[in-house]
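Enquirer: This structure is in C-alpha cells; I'll ask about it shortly.
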Amino acid sequence: MTYSSSLPGLRHLWVERLLERHAGTLTELVDGLGSPLHLVCPQVFHANVEAFQHSFTQAQVRGSVLFAKKANKANCFIQACAQCAIGVDVASVGELQKALAGGVAGTDIGVSGPRKSDQLLGLGLSHQCLLAVDSLEELLRIQQLALSLRQRARLLLRYCPSSQAHSRFGLNPRECDQALVFCRQHAANLDLQGFSFHLGGYDTAQRAHVASHLVDLCRASELDNCRTVNLGGGFAVRYVDPEQWQAFLAEDCAERYHNDKGFAGFYPYGALRAGAEALDDILATPVSPGLSLAQKVIEHGVRLIIEPGRALLDQAGISVFRVQGVKDRTASDGYAQVTVQGSSFNLSEQWFNSEFLPDPLLLPASPRPRSPFVACIGGATCLESDMLTWRKVAFDYPIQAGDLLIYLNTAGYQMDSNESPFHEAPLPHKVVLELRNPHLRWKLDSLA
C-alpha cells in the first residue's frame, strides 16, 4: 500500500485555541449553519498588514498596501482594510462598490484588470480611484470619459516586461512610449502617477529589477506626479514546514493519489521566504552597483505600492466540512474514500488543476480507539473529478459519518474563488470569529 507522507499545515495560535477550547462550539456552528463552513479571523489580517507596513518602515521606503480583493469575498476583510487605513485593489464594479461601502476611500482604491467596462471606469473616475491602464484603447476611453465627467483621471500604466512578452495583460515597451506621449498631450484630463506590473511566480530579484526599470521610466516621463511604482502581488505564503515540503516533493508520485492522479505542479507550500519577508528581500535586492531597490526609490522620491491578497490572508481562515459517508476499501484498495458535505468548489485549488496539499485535520464526532486510517476526500456532487483531496492521507483515527474535517489556512483564494450553487447547494456561510480569552465571539460575515 502506498500513501503520502504527512504534510501537516502550520497552525496559528487562534486555530490552536479554537480546537483546544471551543471544539464543541465549532460542532454546534456546523450543526446550525451547515457544511461546509468558512471561519475567518480579521485579527490575523490586521497583523499581516502590520508586518508589511513594518517592512516599508524599516527600509525607510514610502510604501502603500492594497488588499487584492479577489482573494476573498468576506465583508470583514474590507472593513479591516478601512480600520488599518490601507487600500484595496479591485477589478469589477461589484468589488469597487463593496470596497466603497466598507469604508475605503476611493483615493485608496486601485482598479486593475483587462479591458475594464465603461461602468467600472466611470465609477472609478467619480471616486478618484487609481486606474491601471491595460491598453492604448483603454487609455483613450479613459480620456474621453474623464472629459465628459469633468474629472482628472489618476493613472498608472500597466507595464508588460519582456520576460512576459506573450502575456495578455499590460502595455509592451513601444505601447508604453505611445501612452506616455498621449498622457502628456492630455495632461488636463490625465494625471499619470506612475507604472504598475504584475509577474507570475515568486522571484523577488526579478520583481526588484522590473521595479527599478519603472523607477527609471518615472524619472524620464517629464511629468511631475509620475512618482509611483506598483509591484502588484505574488508574495508567497508558507503553509507547511519547508523541510517537510522538500521531503514530500522528493517522494511524490502518482500512485500516492486516488486513481493515480498526477499533477504537473503545486503552489510552493513550503516557501522559505514568505509574506513580508519576501518584501524585505525585494527592497534589499541590489539593482545597480552599491544600490538596493530601497535606496534607489528613496533617492528618487518614488512611492511603492504592493497588492498582496493571499499573503494578507495568511492564517486568517479555515474551512470545515462534515463527513457524509465513508467507503472503506482498505482491504481491497488500501485506502478509504470519504465523502464530505460540500465540494471541491469550496476548496478552489482544483481550479488551477492542482491540489491543496496541507493535511486536513480530523475532529471525531465521538471517541474511538486510535488506529491508522488512510483516505482520500471527495465532494458530494455527481462529478468523478469532484475531489477535495486526491492524495491518500494517513489519519490517526478511523473516519466516520458525522466527523468534521478541517482544512487550515484557506482564506486566501481557497474559500470562494470557485464557489458555485451546483446541485442547488447553498453557498457556504462565513463566520467571523474573535477570541477573547476565555471567550469565543462569532457573527455571520453577511451581517458584519
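Residue names in the C-alpha cells use chain letters A, B, ... in the order shown, residue numbers from 1 in each chain, and ligand numbers from 1 in the order shown.
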Enumerate the residues of stretch 33-250 of chain A with a DSSP assignment of helix (DSSP H, G or I), computed from the backbone, and present them as JSON, numbers by chain.
Expert: {"A": [33, 42, 43, 44, 45, 46, 47, 48, 49, 50, 51, 52, 53, 54, 55, 56, 57, 58, 59, 69, 70, 71, 75, 76, 77, 78, 79, 80, 81, 82, 83, 84, 93, 94, 95, 96, 97, 98, 99, 100, 101, 106, 107, 108, 118, 119, 120, 121, 122, 123, 124, 125, 126, 136, 137, 138, 139, 140, 141, 142, 143, 144, 145, 146, 147, 148, 149, 162, 163, 164, 173, 174, 175, 176, 177, 178, 179, 180, 181, 182, 183, 184, 185, 204, 205, 206, 207, 208, 209, 210, 211, 212, 213, 214, 215, 216, 217, 218, 219, 220, 242, 243, 244, 245, 246, 247, 248, 249, 250]}
Enquirer: Give me, as a PyMOL selection string, all polymer residues having an atom no more than 7 Å from stretch 309-319 of chain A, counting only C-alpha atoms and skipping those fewer than 4 positions away in the same chain.
Expert: chain A and resi 12+36-42+44-45+48-49+67-69+71+233+235-237+275+406-413
Enquirer: Name the residues in contact with A:Trp351 at a cut-off of 12 Å, using only C-alpha atoms, excluding same-chain residues fewer than 2 positions from it; report them as a ChimeraX atom specification.
Expert: /A:344-349,353-356,385-388,413-419
Enquirer: Just checking: using only C-alpha atoms, which residue out of A:Leu362, A:Thr57, A:Gly24, A:Ser135 ends up closest to A:Ala276?
Expert: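 The closest residue to A:Ala276 is A:Thr57.
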Enquirer: Which one of A:Gly201, A:Gly270, A:Pro438, A:Pro358 sits closest to A:Thr389 if you count only C-alpha atoms?
Expert: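 Residue with the minimum atom-to-atom distance to A:Thr389: A:Pro358.
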Enquirer: Using only C-alpha atoms, tabulate the residues of stretch 72-118 of chain A lying at most 10 Å from any atom of stretch 61-64 of chain A, each with its closest atom pair and that distance in Å to one decimal, by chain and increasing residue number, as a tab-separated table.
Expert:
```
residue	atom	partner	partner_atom	distance
A:Ala85	CA	A:Ser64	CA	9.7
A:Ile86	CA	A:Ser64	CA	7.1
A:Gly87	CA	A:Ser64	CA	7.7
A:Asp108	CA	A:Ser64	CA	9.1
```
Enquirer: Pick out the residues sitting within 10 Å of A:Ala375, and hand them over as a list in words; count only C-alpha atoms, and ignore anything fewer than 2 positions along from it in its own chain.
Expert: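 Neighbouring residues, sequence-local ones excluded: Tyr3, Tyr257, His258, Val326, Lys327, Asp328, Arg329, Thr330, Gly334, Tyr335, Ala336, Gln337, Val338, Phe373, Ile377, Gly378, Thr389, Trp390, Arg391, Lys392, Val393, Ala394, Phe395, Pro398 and Ile399 of chain A.
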Enquirer: Could you write those residues out with N, CA and C atoms, as a PDB file, in the first residue's frame?
Expert:
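Final output, result_8.pdb:
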```
ATOM      1  N   TYR A   3       0.912   5.377   0.353  1.00  0.00           N
ATOM      2  CA  TYR A   3       0.188   6.598   0.674  1.00  0.00           C
ATOM      3  C   TYR A   3       1.201   7.694   0.955  1.00  0.00           C
ATOM      4  N   TYR A 257      -1.875   9.053  -4.989  1.00  0.00           N
ATOM      5  CA  TYR A 257      -3.147   9.749  -5.152  1.00  0.00           C
ATOM      6  C   TYR A 257      -4.222   8.772  -5.609  1.00  0.00           C
ATOM      7  N   HIS A 258      -5.450   9.073  -5.262  1.00  0.00           N
ATOM      8  CA  HIS A 258      -6.591   8.289  -5.734  1.00  0.00           C
ATOM      9  C   HIS A 258      -6.584   8.230  -7.255  1.00  0.00           C
ATOM     10  N   VAL A 326     -18.469   7.109   4.316  1.00  0.00           N
ATOM     11  CA  VAL A 326     -17.145   6.525   4.110  1.00  0.00           C
ATOM     12  C   VAL A 326     -17.287   5.193   3.383  1.00  0.00           C
ATOM     13  N   LYS A 327     -16.592   5.048   2.268  1.00  0.00           N
ATOM     14  CA  LYS A 327     -16.440   3.745   1.619  1.00  0.00           C
ATOM     15  C   LYS A 327     -15.083   3.191   2.045  1.00  0.00           C
ATOM     16  N   ASP A 328     -15.099   2.262   2.968  1.00  0.00           N
ATOM     17  CA  ASP A 328     -13.838   1.720   3.471  1.00  0.00           C
ATOM     18  C   ASP A 328     -13.377   0.574   2.577  1.00  0.00           C
ATOM     19  N   ARG A 329     -12.488   0.882   1.677  1.00  0.00           N
ATOM     20  CA  ARG A 329     -11.940  -0.115   0.767  1.00  0.00           C
ATOM     21  C   ARG A 329     -10.484  -0.436   1.111  1.00  0.00           C
ATOM     22  N   THR A 330     -10.203  -0.351   2.399  1.00  0.00           N
ATOM     23  CA  THR A 330      -8.841  -0.626   2.847  1.00  0.00           C
ATOM     24  C   THR A 330      -8.410  -2.035   2.475  1.00  0.00           C
ATOM     25  N   GLY A 334      -6.502  -0.528  -0.173  1.00  0.00           N
ATOM     26  CA  GLY A 334      -5.508   0.013   0.743  1.00  0.00           C
ATOM     27  C   GLY A 334      -5.857   1.367   1.312  1.00  0.00           C
ATOM     28  N   TYR A 335      -7.014   1.901   0.942  1.00  0.00           N
ATOM     29  CA  TYR A 335      -7.425   3.191   1.484  1.00  0.00           C
ATOM     30  C   TYR A 335      -8.934   3.337   1.348  1.00  0.00           C
ATOM     31  N   ALA A 336      -9.492   4.294   2.104  1.00  0.00           N
ATOM     32  CA  ALA A 336     -10.927   4.557   2.085  1.00  0.00           C
ATOM     33  C   ALA A 336     -11.226   5.784   1.236  1.00  0.00           C
ATOM     34  N   GLN A 337     -12.487   5.864   0.804  1.00  0.00           N
ATOM     35  CA  GLN A 337     -12.964   7.037   0.075  1.00  0.00           C
ATOM     36  C   GLN A 337     -14.003   7.740   0.944  1.00  0.00           C
ATOM     37  N   VAL A 338     -13.673   8.939   1.372  1.00  0.00           N
ATOM     38  CA  VAL A 338     -14.536   9.719   2.258  1.00  0.00           C
ATOM     39  C   VAL A 338     -15.295  10.750   1.428  1.00  0.00           C
ATOM     40  N   PHE A 373      -5.552   5.257   9.570  1.00  0.00           N
ATOM     41  CA  PHE A 373      -6.647   5.180   8.603  1.00  0.00           C
ATOM     42  C   PHE A 373      -6.277   6.043   7.406  1.00  0.00           C
ATOM     43  N   ILE A 377     -10.383  12.325  -0.027  1.00  0.00           N
ATOM     44  CA  ILE A 377     -11.579  13.084   0.358  1.00  0.00           C
ATOM     45  C   ILE A 377     -12.290  13.583  -0.894  1.00  0.00           C
ATOM     46  N   GLY A 378     -13.546  13.174  -1.076  1.00  0.00           N
ATOM     47  CA  GLY A 378     -14.333  13.590  -2.223  1.00  0.00           C
ATOM     48  C   GLY A 378     -15.509  14.457  -1.832  1.00  0.00           C
ATOM     49  N   THR A 389      -9.388  16.250  -1.833  1.00  0.00           N
ATOM     50  CA  THR A 389      -8.040  15.733  -1.592  1.00  0.00           C
ATOM     51  C   THR A 389      -7.873  14.424  -2.336  1.00  0.00           C
ATOM     52  N   TRP A 390      -7.199  14.469  -3.478  1.00  0.00           N
ATOM     53  CA  TRP A 390      -6.888  13.252  -4.219  1.00  0.00           C
ATOM     54  C   TRP A 390      -5.839  12.423  -3.478  1.00  0.00           C
ATOM     55  N   ARG A 391      -5.004  13.099  -2.742  1.00  0.00           N
ATOM     56  CA  ARG A 391      -3.897  12.436  -2.059  1.00  0.00           C
ATOM     57  C   ARG A 391      -4.412  11.462  -1.001  1.00  0.00           C
ATOM     58  N   LYS A 392      -3.753  10.343  -0.884  1.00  0.00           N
ATOM     59  CA  LYS A 392      -4.079   9.358   0.149  1.00  0.00           C
ATOM     60  C   LYS A 392      -3.402   9.795   1.445  1.00  0.00           C
ATOM     61  N   VAL A 393      -4.216  10.310   2.364  1.00  0.00           N
ATOM     62  CA  VAL A 393      -3.707  10.903   3.597  1.00  0.00           C
ATOM     63  C   VAL A 393      -3.892   9.920   4.746  1.00  0.00           C
ATOM     64  N   ALA A 394      -2.884   9.791   5.589  1.00  0.00           N
ATOM     65  CA  ALA A 394      -2.959   8.910   6.759  1.00  0.00           C
ATOM     66  C   ALA A 394      -3.471   9.699   7.958  1.00  0.00           C
ATOM     67  N   PHE A 395      -4.622   9.282   8.493  1.00  0.00           N
ATOM     68  CA  PHE A 395      -5.197   9.890   9.690  1.00  0.00           C
ATOM     69  C   PHE A 395      -4.907   9.007  10.905  1.00  0.00           C
ATOM     70  N   PRO A 398      -9.877   6.197  12.603  1.00  0.00           N
ATOM     71  CA  PRO A 398     -10.828   5.911  11.525  1.00  0.00           C
ATOM     72  C   PRO A 398     -11.818   7.066  11.377  1.00  0.00           C
ATOM     73  N   ILE A 399     -12.158   7.408  10.140  1.00  0.00           N
ATOM     74  CA  ILE A 399     -13.122   8.477   9.871  1.00  0.00           C
ATOM     75  C   ILE A 399     -14.512   7.879   9.777  1.00  0.00           C
TER      76      ILE A 399
END
```
Enquirer: Enter the distance from atom CA of A:Trp442 to atom CA of A:Gly103, in Å, rounded to one decimal.
Expert: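 It comes out at 21.6 Å.
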Enquirer: So which residues touch stretch 154-166 of chain A within 6 Å, counting only C-alpha atoms, skipping near sequence neighbours fewer than 2 positions away, as a PyMOL selection string?
Expert: chain A and resi 130-134+170-172+191-197
Enquirer: Take the residues that were just selected and, keeping N, CA and C atoms, output them as an mmCIF file, in the first residue's frame.
Expert:
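Written file, part.cif:
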```cif
data_model
loop_
_atom_site.group_PDB
_atom_site.id
_atom_site.type_symbol
_atom_site.label_atom_id
_atom_site.label_comp_id
_atom_site.auth_asym_id
_atom_site.auth_seq_id
_atom_site.Cartn_x
_atom_site.Cartn_y
_atom_site.Cartn_z
ATOM 1 N N LEU A 130 -7.350 55.025 -8.398
ATOM 2 C CA LEU A 130 -6.136 54.948 -9.209
ATOM 3 C C LEU A 130 -6.321 53.853 -10.252
ATOM 4 N N LEU A 131 -6.400 54.239 -11.523
ATOM 5 C CA LEU A 131 -6.731 53.317 -12.606
ATOM 6 C C LEU A 131 -5.465 52.795 -13.270
ATOM 7 N N ALA A 132 -5.339 51.464 -13.347
ATOM 8 C CA ALA A 132 -4.206 50.848 -14.039
ATOM 9 C C ALA A 132 -4.595 50.617 -15.495
ATOM 10 N N VAL A 133 -3.945 51.313 -16.401
ATOM 11 C CA VAL A 133 -4.291 51.275 -17.824
ATOM 12 C C VAL A 133 -3.692 50.025 -18.458
ATOM 13 N N ASP A 134 -4.561 49.225 -19.101
ATOM 14 C CA ASP A 134 -4.111 47.944 -19.650
ATOM 15 C C ASP A 134 -3.829 47.996 -21.150
ATOM 16 N N GLY A 170 -1.343 44.243 -19.997
ATOM 17 C CA GLY A 170 -0.388 45.325 -19.963
ATOM 18 C C GLY A 170 0.086 45.836 -21.310
ATOM 19 N N LEU A 171 0.926 46.860 -21.229
ATOM 20 C CA LEU A 171 1.466 47.569 -22.386
ATOM 21 C C LEU A 171 2.921 47.163 -22.594
ATOM 22 N N ASN A 172 3.260 46.798 -23.819
ATOM 23 C CA ASN A 172 4.663 46.495 -24.097
ATOM 24 C C ASN A 172 5.454 47.809 -24.155
ATOM 25 N N ASP A 191 -3.835 62.385 -15.269
ATOM 26 C CA ASP A 191 -2.764 62.601 -14.300
ATOM 27 C C ASP A 191 -1.989 61.294 -14.147
ATOM 28 N N LEU A 192 -0.943 61.139 -14.933
ATOM 29 C CA LEU A 192 -0.155 59.903 -14.869
ATOM 30 C C LEU A 192 0.727 59.938 -13.624
ATOM 31 N N GLN A 193 0.487 58.976 -12.720
ATOM 32 C CA GLN A 193 1.203 58.970 -11.447
ATOM 33 C C GLN A 193 2.291 57.906 -11.380
ATOM 34 N N GLY A 194 2.388 57.053 -12.419
ATOM 35 C CA GLY A 194 3.452 56.064 -12.393
ATOM 36 C C GLY A 194 3.128 54.842 -13.220
ATOM 37 N N PHE A 195 3.722 53.725 -12.808
ATOM 38 C CA PHE A 195 3.617 52.478 -13.558
ATOM 39 C C PHE A 195 3.308 51.327 -12.606
ATOM 40 N N SER A 196 2.699 50.293 -13.166
ATOM 41 C CA SER A 196 2.442 49.078 -12.396
ATOM 42 C C SER A 196 2.877 47.874 -13.214
ATOM 43 N N PHE A 197 3.048 46.750 -12.537
ATOM 44 C CA PHE A 197 3.319 45.490 -13.223
ATOM 45 C C PHE A 197 2.905 44.351 -12.303
#
```
Enquirer: For A:Ala250, work out the shell of residues within 12 Å, counting only C-alpha atoms and skipping chain neighbours fewer than 6 positions away, then give it as a PyMOL selection string.
Expert: chain A and resi 4-5+243-244
Enquirer: May I have the residues from that selection written out with N, CA and C atoms, as a compact mmCIF listing (two decimals), in the first residue's frame?
Expert:
```txt
# COMPACT_ATOMS: atom_id res chain seq x y z
N SER A 4 0.71 8.92 0.97
CA SER A 4 1.59 10.06 1.07
C SER A 4 2.12 10.22 2.48
N SER A 5 3.34 10.74 2.59
CA SER A 5 3.87 11.10 3.90
C SER A 5 3.09 12.30 4.44
N GLU A 243 11.23 22.07 5.34
CA GLU A 243 11.94 20.79 5.25
C GLU A 243 10.97 19.66 4.93
N GLN A 244 9.80 19.66 5.57
CA GLN A 244 8.79 18.64 5.26
C GLN A 244 8.30 18.78 3.82
```
Enquirer: Run DSSP on the backbone of this structure and report the residues of stretch 27-275 of chain A it assigns to strand (DSSP E or B), as a VMD selection string.
Expert: chain A and resid 37 to 40 63 to 68 87 to 90 109 to 111 130 to 133 153 to 159 171 190 to 196 228 to 230 238 240 257 270
